[in-house]
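Take a look at the structure set out below.
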Amino acid sequence: MVDFDFLIEKVTQNWSERRVLLMAQVKPLLVRNGVDLDATLDGRQIKAWLESDVPDIKLIKNEREPTNWGLVPADADVSEPYSQYFVTGRTPSSKIKRAFPFQNALRIAFTRPIEPGQKRWLFAGPARYLDLPVTDKPEGGVELTSSVIEPGANDERIITLIEHWLVQNGLSNNHFLYERPSMAHKSRAGRSALHQLLDIIPIEDLERVSLPLDIIRKLLDKSEDSRR
């Protein structure tokens with residue numbers, strides 16, 4: 001029989017700081033401790049397995065993110081709102097709130113559901129996304145799957161999702177960070193026509209703009225220098 005004391009210890013350790021162990025962290029923790037997931041789960045989801053086979057913990061749901069569950073000790077004294085326990089860092093979120101460091105297109109891309117029959121592709125410099133038919137694979141795009149998209153997620157959670165996605169895809173965050181006004185006057189030489197178009201469209205309207213892929217390619221190929 002597999003000993004899951006390491007899981008109970010991790011849950012207890014987190015709860016000593018009044019925060020949950022996120023359910024998304026359970027599988028990686030099991031793997032790191034040599035657990036055979038197929039044999040242990042026996043076809044069940046992690047949530048069903050925890051509720052059935054690990055009586056020393058209980059699950060609570062983040063009201064602000066309905067798909068986000070956390071683990072606490074079975075005898076933990078919890079009170080609503082449970083979202084107060086879903087703090088990823090050691091410093092309470094009420095004391096420090098991170099400013100959203102990424103371009104706004106990423107906030108939308110990581111929270112807007114993907115329509116059936118489509119795939120989402122994320123591009124850098126400036127950050128933007130396109131939802132295209134599943135048969136299309138645009139050059140320079142990195143796929144953003146539904147597994148990392150959480151409708152209704154707050155900024156702190158979105159930041160975490162983006163950071164994990166960048167690491168998983170071996171990408172630098174340099175091309176996705178918000179460009180502060182002091183840097184907005186840098187040289188525009190070599191910028192594509194697409195970049196110029198995106199500059200003049202108000203950020204709140206970007207999500208309503210769609211262009212055929214062949215037009216996008218033409219705009220990317222046409223630089224500002226080519227018109228001089």
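By order of appearance in the structure tokens: chains A, B, ..., then residues from 1 within every chain, and ligands from 1 in the order shown.
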Neighbouring residues of Tyr178 in chain A were defined as those with any atom within 8 Å, considering only C-alpha atoms; residues of the same chain fewer than 2 positions away were excluded. Please report them as a ChimeraX atom specification. /A:101-104,176,180
So which residues touch range 107-121 of chain A within 9 Å, counting only C-alpha atoms, skipping near sequence neighbours fewer than 4 positions away, as an NGL selection string? :A and (100 or 102-103 or 128-138 or 140-146 or 148-153 or 155 or 158-159 or 161-162 or 207)
Generate a file of the selected residues that holds N, CA and C atoms, formatted as a compact mmCIF listing (two decimals), in the first residue's frame.
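Dumped to out35.txt:
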# COMPACT_ATOMS: atom_id res chain seq x y z
N PHE A 100 -0.30 43.92 -12.72
CA PHE A 100 -0.32 42.98 -13.84
C PHE A 100 0.83 43.36 -14.78
N PHE A 102 1.98 41.90 -17.58
CA PHE A 102 1.93 41.49 -18.97
C PHE A 102 1.00 42.37 -19.81
N GLN A 103 1.18 42.29 -21.11
CA GLN A 103 0.32 43.04 -22.02
C GLN A 103 -1.12 42.53 -21.91
N ARG A 128 -0.38 39.23 -28.90
CA ARG A 128 -1.71 39.15 -29.49
C ARG A 128 -2.05 37.67 -29.65
N TYR A 129 -3.33 37.39 -29.80
CA TYR A 129 -3.72 36.00 -30.01
C TYR A 129 -4.72 35.91 -31.15
N LEU A 130 -4.77 34.72 -31.75
CA LEU A 130 -5.73 34.45 -32.82
C LEU A 130 -6.38 33.10 -32.57
N ASP A 131 -7.69 33.03 -32.75
CA ASP A 131 -8.40 31.75 -32.72
C ASP A 131 -8.66 31.35 -34.16
N LEU A 132 -8.09 30.21 -34.55
CA LEU A 132 -8.17 29.74 -35.94
C LEU A 132 -8.72 28.32 -35.99
N PRO A 133 -9.23 27.90 -37.14
CA PRO A 133 -9.66 26.51 -37.28
C PRO A 133 -8.55 25.54 -36.90
N VAL A 134 -8.93 24.39 -36.38
CA VAL A 134 -7.94 23.43 -35.86
C VAL A 134 -6.95 22.97 -36.92
N THR A 135 -7.32 23.12 -38.20
CA THR A 135 -6.42 22.67 -39.27
C THR A 135 -5.34 23.70 -39.58
N ASP A 136 -5.48 24.93 -39.08
CA ASP A 136 -4.52 25.99 -39.37
C ASP A 136 -3.42 26.01 -38.32
N LYS A 137 -2.19 26.27 -38.78
CA LYS A 137 -1.06 26.43 -37.87
C LYS A 137 -0.25 27.62 -38.34
N PRO A 138 -0.50 28.81 -37.78
CA PRO A 138 0.18 30.02 -38.26
C PRO A 138 1.65 30.05 -37.88
N GLY A 140 4.97 31.27 -36.45
CA GLY A 140 5.34 32.12 -35.33
C GLY A 140 4.40 32.07 -34.15
N GLY A 141 3.32 31.31 -34.26
CA GLY A 141 2.37 31.22 -33.16
C GLY A 141 2.67 30.07 -32.23
N VAL A 142 2.41 30.23 -30.94
CA VAL A 142 2.56 29.17 -29.95
C VAL A 142 1.17 28.84 -29.42
N GLU A 143 0.81 27.56 -29.45
CA GLU A 143 -0.56 27.18 -29.09
C GLU A 143 -0.83 27.40 -27.61
N LEU A 144 -2.03 27.88 -27.34
CA LEU A 144 -2.53 28.07 -25.99
C LEU A 144 -3.73 27.16 -25.83
N THR A 145 -3.59 26.08 -25.08
CA THR A 145 -4.65 25.08 -24.98
C THR A 145 -5.66 25.44 -23.90
N SER A 146 -6.81 24.80 -23.98
CA SER A 146 -7.89 25.07 -23.02
C SER A 146 -7.50 24.71 -21.59
N VAL A 148 -5.05 25.56 -19.88
CA VAL A 148 -4.45 26.65 -19.11
C VAL A 148 -5.31 27.91 -19.14
N ILE A 149 -6.54 27.79 -19.63
CA ILE A 149 -7.44 28.93 -19.71
C ILE A 149 -8.47 28.83 -18.59
N GLU A 150 -8.61 29.88 -17.80
CA GLU A 150 -9.53 29.87 -16.66
C GLU A 150 -10.44 31.10 -16.70
N PRO A 151 -11.63 30.96 -17.26
CA PRO A 151 -12.57 32.09 -17.27
C PRO A 151 -12.84 32.58 -15.85
N GLY A 152 -12.83 33.88 -15.67
CA GLY A 152 -13.11 34.45 -14.36
C GLY A 152 -11.93 34.53 -13.42
N ALA A 153 -10.76 34.06 -13.85
CA ALA A 153 -9.58 34.11 -12.98
C ALA A 153 -9.19 35.56 -12.68
N ASP A 155 -6.33 38.58 -11.52
CA ASP A 155 -5.02 38.89 -12.09
C ASP A 155 -3.91 38.03 -11.50
N ILE A 158 -4.05 34.75 -13.15
CA ILE A 158 -3.66 34.85 -14.56
C ILE A 158 -2.15 34.96 -14.68
N ILE A 159 -1.53 35.74 -13.80
CA ILE A 159 -0.08 35.88 -13.81
C ILE A 159 0.57 34.51 -13.63
N LEU A 161 -0.74 31.54 -14.30
CA LEU A 161 -0.97 30.73 -15.50
C LEU A 161 0.00 31.12 -16.61
N ILE A 162 0.20 32.41 -16.81
CA ILE A 162 1.09 32.88 -17.87
C ILE A 162 2.53 32.46 -17.59
N GLU A 207 -9.75 43.09 -28.86
CA GLU A 207 -10.36 41.76 -28.83
C GLU A 207 -11.49 41.61 -29.85
In Å to one decimal, how far is CA of Leu171 in chain A from CA of Ile46 in chain A?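 About the pair CA of Ile46 in chain A and CA of Leu171 in chain A: they are 29.0 Å apart.
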Assign secondary structure with DSSP using the backbone only, and return the residues of range 21-123 of chain A in strand (DSSP E or B) as a VMD selection string. chain A and resid 21 to 22 57 to 61 69 to 73 102 118 to 123
As number ranges by chain, please: the residues near range 52-61 of chain A (cut-off 10 Å, only C-alpha atoms, same-chain neighbours under 6 positions excluded). A: 4-5, 7-8, 11-12, 20-23, 40-41, 46, 67-76, 78, 80-83, 85-86
CA of Trp165 in chain A and CA of Gln45 in chain A are how many Å apart?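 Between CA of Trp165 in chain A and CA of Gln45 in chain A the gap works out to 22.4 Å.
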Length of the CA of Gln168 in chain A to CA of Ala124 in chain A vector [Å]: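 Atom-to-atom, CA of Gln168 in chain A and CA of Ala124 in chain A are spaced 16.0 Å apart.
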Test item, alpha helix (DSSP H) assignment across range 97-186 of chain A, answer as a list in words: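 Written out, the alpha helix (DSSP H) residues of range 97-186 of chain A are Asn104, Ala105, Leu106, Arg107, Ile108, Ala109, Asp155, Glu156, Arg157, Ile158, Ile159, Thr160, Leu161, Ile162, Glu163, His164, Trp165, Leu166, Val167 and Gln168 of chain A.
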Quick one: write out the picked residues with N, CA and C atoms as a PDB file, in the first residue's frame?
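To be explicit, this is the file written out as out-v4.pdb:
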ATOM      1  N   ASN A 104      -2.072  43.435 -22.115  1.00  0.00           N
ATOM      2  CA  ASN A 104      -3.467  43.125 -21.852  1.00  0.00           C
ATOM      3  C   ASN A 104      -4.004  41.972 -22.696  1.00  0.00           C
ATOM      4  N   ALA A 105      -3.441  41.766 -23.881  1.00  0.00           N
ATOM      5  CA  ALA A 105      -3.917  40.677 -24.740  1.00  0.00           C
ATOM      6  C   ALA A 105      -3.787  39.324 -24.050  1.00  0.00           C
ATOM      7  N   LEU A 106      -2.774  39.175 -23.176  1.00  0.00           N
ATOM      8  CA  LEU A 106      -2.591  37.911 -22.473  1.00  0.00           C
ATOM      9  C   LEU A 106      -3.681  37.706 -21.422  1.00  0.00           C
ATOM     10  N   ARG A 107      -4.112  38.795 -20.772  1.00  0.00           N
ATOM     11  CA  ARG A 107      -5.188  38.674 -19.792  1.00  0.00           C
ATOM     12  C   ARG A 107      -6.446  38.108 -20.457  1.00  0.00           C
ATOM     13  N   ILE A 108      -6.728  38.576 -21.661  1.00  0.00           N
ATOM     14  CA  ILE A 108      -7.906  38.103 -22.390  1.00  0.00           C
ATOM     15  C   ILE A 108      -7.703  36.674 -22.878  1.00  0.00           C
ATOM     16  N   ALA A 109      -6.514  36.407 -23.440  1.00  0.00           N
ATOM     17  CA  ALA A 109      -6.238  35.090 -24.031  1.00  0.00           C
ATOM     18  C   ALA A 109      -6.308  33.972 -22.999  1.00  0.00           C
ATOM     19  N   ASP A 155      -6.334  38.579 -11.521  1.00  0.00           N
ATOM     20  CA  ASP A 155      -5.023  38.886 -12.093  1.00  0.00           C
ATOM     21  C   ASP A 155      -3.910  38.033 -11.498  1.00  0.00           C
ATOM     22  N   GLU A 156      -3.959  37.797 -10.190  1.00  0.00           N
ATOM     23  CA  GLU A 156      -2.912  37.005  -9.545  1.00  0.00           C
ATOM     24  C   GLU A 156      -2.862  35.603 -10.144  1.00  0.00           C
ATOM     25  N   ARG A 157      -4.038  35.018 -10.363  1.00  0.00           N
ATOM     26  CA  ARG A 157      -4.094  33.674 -10.942  1.00  0.00           C
ATOM     27  C   ARG A 157      -3.654  33.700 -12.404  1.00  0.00           C
ATOM     28  N   ILE A 158      -4.052  34.749 -13.152  1.00  0.00           N
ATOM     29  CA  ILE A 158      -3.661  34.851 -14.556  1.00  0.00           C
ATOM     30  C   ILE A 158      -2.147  34.965 -14.679  1.00  0.00           C
ATOM     31  N   ILE A 159      -1.532  35.745 -13.802  1.00  0.00           N
ATOM     32  CA  ILE A 159      -0.077  35.877 -13.813  1.00  0.00           C
ATOM     33  C   ILE A 159       0.575  34.511 -13.630  1.00  0.00           C
ATOM     34  N   THR A 160       0.047  33.731 -12.690  1.00  0.00           N
ATOM     35  CA  THR A 160       0.588  32.391 -12.444  1.00  0.00           C
ATOM     36  C   THR A 160       0.437  31.503 -13.668  1.00  0.00           C
ATOM     37  N   LEU A 161      -0.735  31.536 -14.299  1.00  0.00           N
ATOM     38  CA  LEU A 161      -0.968  30.730 -15.496  1.00  0.00           C
ATOM     39  C   LEU A 161       0.004  31.116 -16.613  1.00  0.00           C
ATOM     40  N   ILE A 162       0.200  32.412 -16.811  1.00  0.00           N
ATOM     41  CA  ILE A 162       1.094  32.882 -17.873  1.00  0.00           C
ATOM     42  C   ILE A 162       2.528  32.455 -17.586  1.00  0.00           C
ATOM     43  N   GLU A 163       2.964  32.626 -16.346  1.00  0.00           N
ATOM     44  CA  GLU A 163       4.346  32.280 -15.993  1.00  0.00           C
ATOM     45  C   GLU A 163       4.598  30.798 -16.203  1.00  0.00           C
ATOM     46  N   HIS A 164       3.652  29.942 -15.804  1.00  0.00           N
ATOM     47  CA  HIS A 164       3.813  28.498 -16.012  1.00  0.00           C
ATOM     48  C   HIS A 164       3.839  28.169 -17.501  1.00  0.00           C
ATOM     49  N   TRP A 165       2.978  28.818 -18.273  1.00  0.00           N
ATOM     50  CA  TRP A 165       2.907  28.563 -19.712  1.00  0.00           C
ATOM     51  C   TRP A 165       4.216  28.960 -20.392  1.00  0.00           C
ATOM     52  N   LEU A 166       4.785  30.072 -20.004  1.00  0.00           N
ATOM     53  CA  LEU A 166       6.057  30.514 -20.590  1.00  0.00           C
ATOM     54  C   LEU A 166       7.165  29.512 -20.297  1.00  0.00           C
ATOM     55  N   VAL A 167       7.214  29.022 -19.064  1.00  0.00           N
ATOM     56  CA  VAL A 167       8.241  28.039 -18.692  1.00  0.00           C
ATOM     57  C   VAL A 167       8.055  26.735 -19.473  1.00  0.00           C
ATOM     58  N   GLN A 168       6.811  26.267 -19.532  1.00  0.00           N
ATOM     59  CA  GLN A 168       6.524  25.006 -20.231  1.00  0.00           C
ATOM     60  C   GLN A 168       6.899  25.063 -21.708  1.00  0.00           C
TER      61      GLN A 168
END
Looking at only C-alpha atoms, which of A:Arg217, A:Glu65, A:Val87, A:Leu122 is the one that sits closest to Asn14 in chain A? A:Val87
